[in-house]
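Peer 1: Dropping in run-v2.txt, with compact mmCIF, C-alpha atoms (C1' of nucleotides).
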# COMPACT_ATOMS: atom_id res chain seq x y z
CA LEU A 848 -14.23 -19.85 13.28
CA ARG A 849 -13.81 -19.22 9.59
CA CYS A 850 -17.02 -17.26 9.64
CA CYS A 851 -15.79 -15.24 12.60
CA ASN A 852 -12.60 -14.50 10.75
CA ALA A 853 -14.54 -13.32 7.73
CA LEU A 854 -16.69 -11.18 9.98
CA LEU A 855 -13.62 -9.68 11.61
CA LYS A 856 -12.27 -8.81 8.21
CA ALA A 857 -15.48 -7.07 7.26
CA LEU A 858 -15.53 -5.11 10.51
CA LEU A 859 -11.93 -4.16 10.04
CA ARG A 860 -12.71 -2.81 6.60
CA ALA A 861 -15.56 -0.83 8.05
CA ASN A 862 -13.39 0.45 10.87
CA SER A 863 -15.89 -0.88 13.39
CA TRP A 864 -13.39 -1.30 16.13
CA ASP A 865 -15.78 -1.84 18.99
CA MET A 866 -17.44 -4.64 17.06
CA VAL A 867 -14.06 -6.14 16.29
CA GLY A 868 -13.39 -6.35 20.00
CA THR A 869 -16.80 -7.81 20.68
CA VAL A 870 -16.47 -10.51 18.07
CA TYR A 871 -13.02 -11.43 19.28
CA GLN A 872 -14.31 -11.66 22.82
CA ASN A 873 -17.16 -13.84 21.63
CA ILE A 874 -14.70 -16.18 20.02
CA LEU A 875 -12.91 -16.54 23.31
CA ASP A 876 -16.14 -16.88 25.27
CA ALA A 877 -17.29 -19.63 22.97
CA LYS A 878 -14.12 -21.49 23.86
CA MET A 879 -13.00 -21.41 20.30
CA ALA A 880 -9.28 -21.18 19.78
CA PRO A 881 -8.38 -18.26 17.56
CA ASP A 882 -6.19 -19.39 14.71
CA VAL A 883 -3.40 -17.66 12.87
CA TYR A 884 -5.94 -15.93 10.65
CA THR A 885 -7.84 -14.58 13.62
CA TYR A 886 -4.70 -13.27 15.25
CA SER A 887 -3.34 -11.78 12.07
CA THR A 888 -6.59 -10.00 11.46
CA MET A 889 -6.66 -8.69 15.00
CA ILE A 890 -3.11 -7.46 14.62
CA HIS A 891 -4.13 -5.76 11.42
CA ALA A 892 -7.02 -4.13 13.23
CA TYR A 893 -4.74 -2.74 15.92
CA CYS A 894 -2.22 -1.57 13.36
CA LYS A 895 -4.86 0.17 11.33
CA GLN A 896 -5.77 2.11 14.44
CA GLY A 897 -2.15 2.91 15.08
CA ARG A 898 -2.23 0.87 18.27
CA LEU A 899 1.09 -0.82 17.72
CA GLU A 900 1.68 -1.78 21.31
CA GLU A 901 -1.52 -3.75 21.43
CA ALA A 902 -0.72 -5.31 18.10
CA LYS A 903 2.59 -6.50 19.45
CA LYS A 904 0.90 -7.78 22.57
CA MET A 905 -1.35 -9.84 20.36
CA LEU A 906 1.71 -11.36 18.73
CA PHE A 907 3.08 -12.44 22.10
CA GLU A 908 -0.30 -13.70 23.14
CA MET A 909 -0.69 -15.95 20.16
CA GLU A 910 2.76 -17.39 20.67
CA ALA A 911 2.00 -17.96 24.33
CA LYS A 912 -1.07 -19.88 23.31
CA GLY A 913 0.91 -22.02 20.97
CA CYS A 914 -0.24 -20.46 17.75
CA SER A 915 2.75 -19.75 15.56
CA PRO A 916 2.78 -16.50 13.65
CA ASN A 917 3.51 -16.91 9.98
CA VAL A 918 4.83 -14.63 7.28
CA VAL A 919 1.50 -12.88 6.90
CA THR A 920 1.34 -12.16 10.62
CA TYR A 921 4.76 -10.59 10.56
CA ASN A 922 4.06 -8.71 7.36
CA THR A 923 0.98 -7.22 8.92
CA LEU A 924 2.93 -5.96 11.90
CA ILE A 925 5.82 -4.77 9.78
CA THR A 926 3.42 -2.79 7.63
CA GLY A 927 1.89 -1.26 10.72
CA CYS A 928 5.30 -0.23 12.07
CA CYS A 929 6.37 1.20 8.73
CA ARG A 930 3.24 3.25 8.40
CA LYS A 931 3.84 4.66 11.84
CA GLY A 932 7.40 5.44 10.95
CA ASP A 933 8.85 2.98 13.44
CA LEU A 934 11.39 1.49 11.08
CA LYS A 935 13.59 0.21 13.86
CA GLU A 936 10.79 -1.99 15.10
CA ALA A 937 9.93 -3.01 11.55
CA PHE A 938 13.44 -4.19 10.79
CA GLY A 939 13.59 -5.79 14.20
CA LEU A 940 10.55 -7.85 13.28
CA LYS A 941 12.17 -8.80 10.04
CA ASN A 942 15.14 -10.13 12.00
CA THR A 943 12.86 -11.93 14.41
CA MET A 944 11.04 -13.73 11.65
CA CYS A 945 14.30 -14.64 9.97
CA GLY A 946 15.47 -16.04 13.28
CA LYS A 947 12.44 -18.29 13.32
CA GLY A 948 13.17 -19.56 9.88
CA LEU A 949 10.45 -17.49 8.27
CA ALA A 950 11.76 -15.91 5.12
CA PRO A 951 10.49 -12.42 4.37
CA ASP A 952 8.60 -12.38 1.11
CA ILE A 953 8.03 -9.67 -1.45
CA LEU A 954 5.25 -8.15 0.65
CA SER A 955 7.53 -7.89 3.67
CA TYR A 956 10.08 -6.09 1.58
CA SER A 957 7.69 -3.78 -0.11
CA ALA A 958 6.31 -2.70 3.26
CA LEU A 959 9.87 -1.98 4.42
CA VAL A 960 10.74 -0.18 1.22
CA ASN A 961 7.63 1.90 1.61
CA GLY A 962 8.61 2.79 5.14
CA LEU A 963 12.08 3.84 4.04
CA CYS A 964 10.71 5.89 1.16
CA LYS A 965 8.22 7.66 3.38
CA ASN A 966 11.11 8.66 5.60
CA GLN A 967 13.27 9.95 2.80
CA ARG A 968 15.70 7.09 3.13
CA LEU A 969 15.88 6.44 -0.56
CA SER A 970 19.34 4.97 -0.80
CA GLU A 971 18.50 2.38 1.82
CA ALA A 972 15.31 1.61 -0.05
CA ARG A 973 17.34 1.01 -3.16
CA GLU A 974 19.74 -1.21 -1.27
CA LEU A 975 16.81 -3.27 -0.14
CA LEU A 976 15.96 -3.89 -3.76
CA VAL A 977 19.40 -5.39 -4.21
CA GLU A 978 18.86 -7.54 -1.14
CA ILE A 979 15.54 -8.74 -2.52
CA GLU A 980 17.21 -10.04 -5.61
CA ASN A 981 20.11 -11.46 -3.66
CA VAL A 982 17.80 -13.63 -1.61
CA GLY A 983 16.19 -14.88 -4.77
CA LEU A 984 12.96 -12.94 -4.63
CA LYS A 985 11.53 -11.22 -7.67
CA ALA A 986 10.71 -7.56 -7.42
CA ASP A 987 7.25 -6.83 -8.75
CA GLU A 988 5.32 -3.82 -9.98
CA VAL A 989 4.17 -2.83 -6.50
CA LEU A 990 7.74 -2.79 -5.22
CA TYR A 991 8.89 -0.67 -8.11
CA THR A 992 5.92 1.63 -7.86
CA THR A 993 6.71 2.16 -4.20
CA LEU A 994 10.25 3.16 -5.09
CA ILE A 995 9.14 5.33 -7.96
CA SER A 996 6.70 7.28 -5.87
CA GLY A 997 9.34 7.63 -3.16
CA PHE A 998 11.84 9.12 -5.57
CA MET A 999 9.22 11.32 -7.17
CA LYS A 1000 8.23 12.76 -3.84
CA GLU A 1001 11.80 13.86 -3.35
CA GLY A 1002 11.85 15.42 -6.78
CA LYS A 1003 14.23 12.79 -8.14
CA ILE A 1004 12.46 12.63 -11.45
CA GLU A 1005 15.25 11.16 -13.55
CA GLU A 1006 15.85 8.43 -11.00
CA ALA A 1007 12.17 7.61 -10.98
CA PHE A 1008 12.09 7.24 -14.73
CA LYS A 1009 15.20 5.12 -14.59
CA LEU A 1010 13.38 2.81 -12.22
CA LYS A 1011 10.51 2.61 -14.65
CA ASP A 1012 12.89 1.62 -17.44
CA GLU A 1013 14.60 -0.81 -15.13
CA MET A 1014 11.39 -2.60 -14.27
CA MET A 1015 10.32 -2.80 -17.88
CA VAL A 1016 13.68 -4.24 -18.88
CA LYS A 1017 13.07 -6.91 -16.26
CA GLY A 1018 9.72 -7.66 -17.80
CA ILE A 1019 7.73 -6.17 -14.94
CA LYS A 1020 4.73 -4.35 -16.31
CA PRO A 1021 3.87 -0.98 -14.87
CA ASN A 1022 0.22 -0.69 -13.87
CA VAL A 1023 -2.14 2.21 -13.33
CA VAL A 1024 -0.69 3.07 -9.95
CA THR A 1025 2.81 3.10 -11.42
CA PHE A 1026 1.74 5.61 -14.03
CA ASN A 1027 -0.20 7.62 -11.49
CA SER A 1028 2.92 7.93 -9.38
CA LEU A 1029 4.96 9.04 -12.37
CA ILE A 1030 2.30 11.50 -13.50
CA HIS A 1031 1.91 12.88 -10.03
CA GLY A 1032 5.64 13.34 -9.79
CA VAL A 1033 5.95 15.35 -12.96
CA SER A 1034 2.71 17.21 -12.39
CA ARG A 1035 3.74 18.65 -9.08
CA ARG A 1036 6.67 20.12 -10.93
CA GLY A 1037 4.26 21.50 -13.51
CA LYS A 1038 5.60 19.42 -16.36
CA VAL A 1039 2.46 19.24 -18.44
CA GLN A 1040 4.03 17.78 -21.53
CA GLU A 1041 5.53 14.94 -19.52
CA ALA A 1042 2.24 14.28 -17.83
CA THR A 1043 0.27 14.08 -21.05
CA LYS A 1044 2.97 11.98 -22.61
CA LEU A 1045 2.60 9.48 -19.80
CA LEU A 1046 -1.15 9.61 -20.14
CA THR A 1047 -0.99 8.63 -23.79
CA GLU A 1048 1.65 6.05 -23.08
CA MET A 1049 -0.48 4.31 -20.53
CA ARG A 1050 -3.39 4.27 -22.91
CA GLU A 1051 -1.24 2.80 -25.63
CA ILE A 1052 -0.38 -0.13 -23.48
CA GLY A 1053 -4.00 -0.63 -22.60
CA LEU A 1054 -4.15 0.81 -19.11
CA ARG A 1055 -7.24 2.67 -18.05
CA PRO A 1056 -6.64 5.97 -16.34
CA ASN A 1057 -8.68 6.23 -13.16
CA GLU A 1058 -9.88 9.11 -11.08
CA ALA A 1059 -6.48 9.65 -9.51
CA THR A 1060 -4.81 9.73 -12.91
CA TYR A 1061 -7.05 12.54 -14.06
CA THR A 1062 -6.58 14.42 -10.85
CA PHE A 1063 -2.81 14.41 -11.30
CA VAL A 1064 -2.92 15.45 -14.94
CA MET A 1065 -5.35 18.25 -14.12
CA GLU A 1066 -3.00 19.40 -11.41
CA SER A 1067 -0.30 19.97 -13.99
CA TYR A 1068 -2.65 21.88 -16.25
CA CYS A 1069 -3.81 24.00 -13.36
CA LYS A 1070 -0.23 24.88 -12.55
CA GLU A 1071 0.07 26.32 -16.04
CA GLY A 1072 -3.31 27.98 -15.88
CA LYS A 1073 -4.60 25.93 -18.79
CA MET A 1074 -8.14 25.68 -17.62
CA ASP A 1075 -9.57 24.78 -21.02
CA GLU A 1076 -7.66 21.54 -20.95
CA VAL A 1077 -8.83 20.89 -17.44
CA PHE A 1078 -12.45 21.13 -18.51
CA GLU A 1079 -11.74 18.91 -21.47
CA LEU A 1080 -10.43 16.27 -19.12
CA LEU A 1081 -13.46 16.65 -16.90
CA ASP A 1082 -15.69 16.08 -19.93
CA GLU A 1083 -13.72 13.06 -20.87
CA MET A 1084 -14.07 11.66 -17.38
CA GLU A 1085 -17.81 12.01 -17.57
CA ARG A 1086 -17.95 10.40 -20.97
CA LYS A 1087 -15.97 7.48 -19.67
CA ASN A 1088 -18.02 7.24 -16.55
CA ILE A 1089 -15.11 7.33 -14.25
CA ALA A 1090 -16.63 6.86 -10.88
CA PRO A 1091 -14.94 8.03 -7.76
CA SER A 1092 -13.44 4.95 -6.24
C1' U B 539 -7.95 -21.06 -8.34
C1' C B 540 -10.69 -16.73 -3.45
C1' U B 541 -10.57 -17.08 5.28
C1' A B 542 -5.48 -12.78 7.01
C1' U B 543 -0.56 -8.95 4.86
C1' G B 544 2.47 -4.56 0.52
C1' A B 545 2.32 0.79 -3.66
C1' C B 546 -0.57 6.40 -6.04
C1' A B 547 -3.67 12.69 -4.77
C1' C B 548 -7.99 14.28 -2.26
C1' U B 549 -11.93 13.28 1.04
C1' U B 550 -14.08 10.63 5.16
C1' U B 551 -13.79 7.55 9.77
C1' U B 552 -11.04 5.84 14.07
C1' A B 553 -9.27 10.58 18.08
Before we go any further, please render this structure as structure tokens.
Peer 2:
Amino acid sequence: LRCCNALLKALLRANSWDMVGTVYQNILDAKMAPDVYTYSTMIHAYCKQGRLEEAKKMLFEMEAKGCSPNVVTYNTLITGCCRKGDLKEAFGLKNTMCGKGLAPDILSYSALVNGLCKNQRLSEARELLVEIENVGLKADEVLYTTLISGFMKEGKIEEAFKLKDEMMVKGIKPNVVTFNSLIHGVSRRGKVQEATKLLTEMREIGLRPNEATYTFVMESYCKEGKMDEVFELLDEMERKNIAPS
RNA sequence: UCUAUGACACUUUUA
């Protein structure tokens, strides 16, 4: 069964949905009982396809068969709902899991925060951060990055930088994605000097810019028509062998 | 310290 689960994961990554179904059916045919990993992976597969109804059905099915969903199972579904913009359902699931004595973890919250941010509900996202700390969880760099990119997308640049300061004060280290989000935010507003400042800052703290980083910085240069700098960056990328991820 | 879940532009796939 462990092997089947690993196989399902690989197929899910490859988006081989028909094979996912086949393997799952084979598990059943072989009279093996899918475990919580199998079900969670299947739910992930449905979510990734945007087939939320079937994902939810799978949740009921596992419960009916006496396999209890855990935090990961719920997180998977919550993430799926958030990505589809069904925040009602997502928060409903959060309540359901709480009702079963399953405490949402930092991943549950960051999925919810992401959903709120993607739907321009920034103040609620911020409130969720307060809740996170109230329940004794520690916000991490992913959570903050999610918030930062949410605020940046709404053009709330100062707020985004405040969040960056806030996380650093708490001892949470920004990573490449954090900087990418910041750079992207200032770049779309054409703030070249801010973008390059961030680029040097991330280097100073030992972070390696990746392909996305360069893309965002180049965007800001392009907005100012500074093509020389763009080509310089392209050269630099080649020198550093930055491969498209 | 590893069978499953969260964040950044573009592209591609699922449709």
Peer 1: Per residue of chain B within 8 Å of chain A, which atom pair is closest and at what distance in Å (one decimal), using all atoms listed in the file, listed by chain and increasing number, as CSV?
Peer 2:
residue,atom,partner,partner_atom,distance
B:U541,C1',A:Arg849,CA,5.8
B:A542,C1',A:Tyr884,CA,4.8
B:U543,C1',A:Thr923,CA,4.7
B:G544,C1',A:Leu954,CA,4.5
B:A545,C1',A:Thr993,CA,4.6
B:C546,C1',A:Ser1028,CA,5.1
B:A547,C1',A:Ala1059,CA,6.3
B:U551,C1',A:Asn862,CA,7.2
B:U552,C1',A:Gln896,CA,6.5
Peer 1: Atom CA of A:Lys1000 to atom CA of A:Lys1017: how many Å, to one decimal?
Peer 2: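 It comes out at 23.8 Å.
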Peer 1: Provide the atom CA of A:Val977 to atom CA of A:Glu1013 distance in Å, to one decimal place.
Peer 2: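 So the answer is 12.8 Å.
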Peer 1: Between atom CA of A:Asp987 and atom CA of A:Gly1037, what distance in Å does the model show, to one decimal?
Peer 2: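 Going from atom CA of A:Asp987 over to atom CA of A:Gly1037, I get 28.9 Å.
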Peer 1: Output stretch 888-913 of chain A with N, CA, C and O atoms present, as a compact mmCIF listing (two decimals), in the coordinates of the input.
Peer 2:
# COMPACT_ATOMS: atom_id res chain seq x y z
N THR A 888 -5.58 -11.01 11.71
CA THR A 888 -6.59 -10.00 11.46
C THR A 888 -6.68 -9.03 12.63
O THR A 888 -6.80 -7.81 12.43
N MET A 889 -6.62 -9.56 13.82
CA MET A 889 -6.66 -8.69 15.00
C MET A 889 -5.45 -7.76 15.03
O MET A 889 -5.56 -6.58 15.36
N ILE A 890 -4.32 -8.29 14.67
CA ILE A 890 -3.11 -7.46 14.62
C ILE A 890 -3.28 -6.37 13.57
O ILE A 890 -2.94 -5.21 13.80
N HIS A 891 -3.87 -6.76 12.46
CA HIS A 891 -4.13 -5.76 11.42
C HIS A 891 -5.06 -4.68 11.95
O HIS A 891 -4.86 -3.49 11.71
N ALA A 892 -6.06 -5.09 12.69
CA ALA A 892 -7.02 -4.13 13.23
C ALA A 892 -6.33 -3.13 14.16
O ALA A 892 -6.55 -1.93 14.06
N TYR A 893 -5.47 -3.64 15.02
CA TYR A 893 -4.74 -2.74 15.92
C TYR A 893 -3.81 -1.82 15.13
O TYR A 893 -3.71 -0.64 15.41
N CYS A 894 -3.14 -2.39 14.16
CA CYS A 894 -2.22 -1.57 13.36
C CYS A 894 -2.95 -0.46 12.64
O CYS A 894 -2.48 0.68 12.57
N LYS A 895 -4.10 -0.81 12.10
CA LYS A 895 -4.86 0.17 11.33
C LYS A 895 -5.29 1.33 12.22
O LYS A 895 -5.49 2.45 11.76
N GLN A 896 -5.42 1.04 13.50
CA GLN A 896 -5.77 2.11 14.44
C GLN A 896 -4.54 2.80 14.98
O GLN A 896 -4.65 3.71 15.80
N GLY A 897 -3.38 2.32 14.58
CA GLY A 897 -2.15 2.91 15.08
C GLY A 897 -1.80 2.42 16.48
O GLY A 897 -0.95 3.00 17.15
N ARG A 898 -2.49 1.38 16.92
CA ARG A 898 -2.23 0.87 18.27
C ARG A 898 -1.20 -0.26 18.21
O ARG A 898 -1.50 -1.43 18.41
N LEU A 899 0.02 0.15 17.94
CA LEU A 899 1.09 -0.82 17.72
C LEU A 899 1.40 -1.67 18.94
O LEU A 899 1.68 -2.85 18.82
N GLU A 900 1.35 -1.03 20.10
CA GLU A 900 1.68 -1.78 21.31
C GLU A 900 0.73 -2.95 21.49
O GLU A 900 1.14 -4.07 21.82
N GLU A 901 -0.53 -2.68 21.27
CA GLU A 901 -1.52 -3.75 21.43
C GLU A 901 -1.36 -4.81 20.34
O GLU A 901 -1.56 -6.00 20.57
N ALA A 902 -0.97 -4.36 19.18
CA ALA A 902 -0.72 -5.31 18.10
C ALA A 902 0.41 -6.26 18.48
O ALA A 902 0.33 -7.47 18.29
N LYS A 903 1.45 -5.68 19.05
CA LYS A 903 2.59 -6.50 19.45
C LYS A 903 2.21 -7.44 20.59
O LYS A 903 2.64 -8.59 20.63
N LYS A 904 1.37 -6.93 21.48
CA LYS A 904 0.90 -7.78 22.57
C LYS A 904 0.18 -9.01 22.02
O LYS A 904 0.31 -10.11 22.52
N MET A 905 -0.59 -8.76 20.99
CA MET A 905 -1.35 -9.84 20.36
C MET A 905 -0.40 -10.89 19.77
O MET A 905 -0.68 -12.08 19.81
N LEU A 906 0.71 -10.43 19.27
CA LEU A 906 1.71 -11.36 18.73
C LEU A 906 2.26 -12.26 19.85
O LEU A 906 2.35 -13.47 19.68
N PHE A 907 2.59 -11.64 20.97
CA PHE A 907 3.08 -12.44 22.10
C PHE A 907 2.02 -13.41 22.59
O PHE A 907 2.28 -14.55 22.90
N GLU A 908 0.81 -12.89 22.64
CA GLU A 908 -0.30 -13.70 23.14
C GLU A 908 -0.50 -14.96 22.30
O GLU A 908 -0.68 -16.05 22.83
N MET A 909 -0.45 -14.77 20.99
CA MET A 909 -0.69 -15.95 20.16
C MET A 909 0.43 -16.98 20.34
O MET A 909 0.19 -18.17 20.39
N GLU A 910 1.64 -16.48 20.46
CA GLU A 910 2.76 -17.39 20.67
C GLU A 910 2.61 -18.11 21.99
O GLU A 910 2.85 -19.32 22.08
N ALA A 911 2.19 -17.36 23.01
CA ALA A 911 2.00 -17.96 24.33
C ALA A 911 0.95 -19.06 24.27
O ALA A 911 1.01 -20.05 25.00
N LYS A 912 -0.02 -18.87 23.40
CA LYS A 912 -1.07 -19.88 23.31
C LYS A 912 -0.74 -20.97 22.31
O LYS A 912 -1.59 -21.79 21.95
N GLY A 913 0.48 -20.94 21.84
CA GLY A 913 0.91 -22.02 20.97
C GLY A 913 0.49 -21.88 19.52
O GLY A 913 0.51 -22.86 18.77
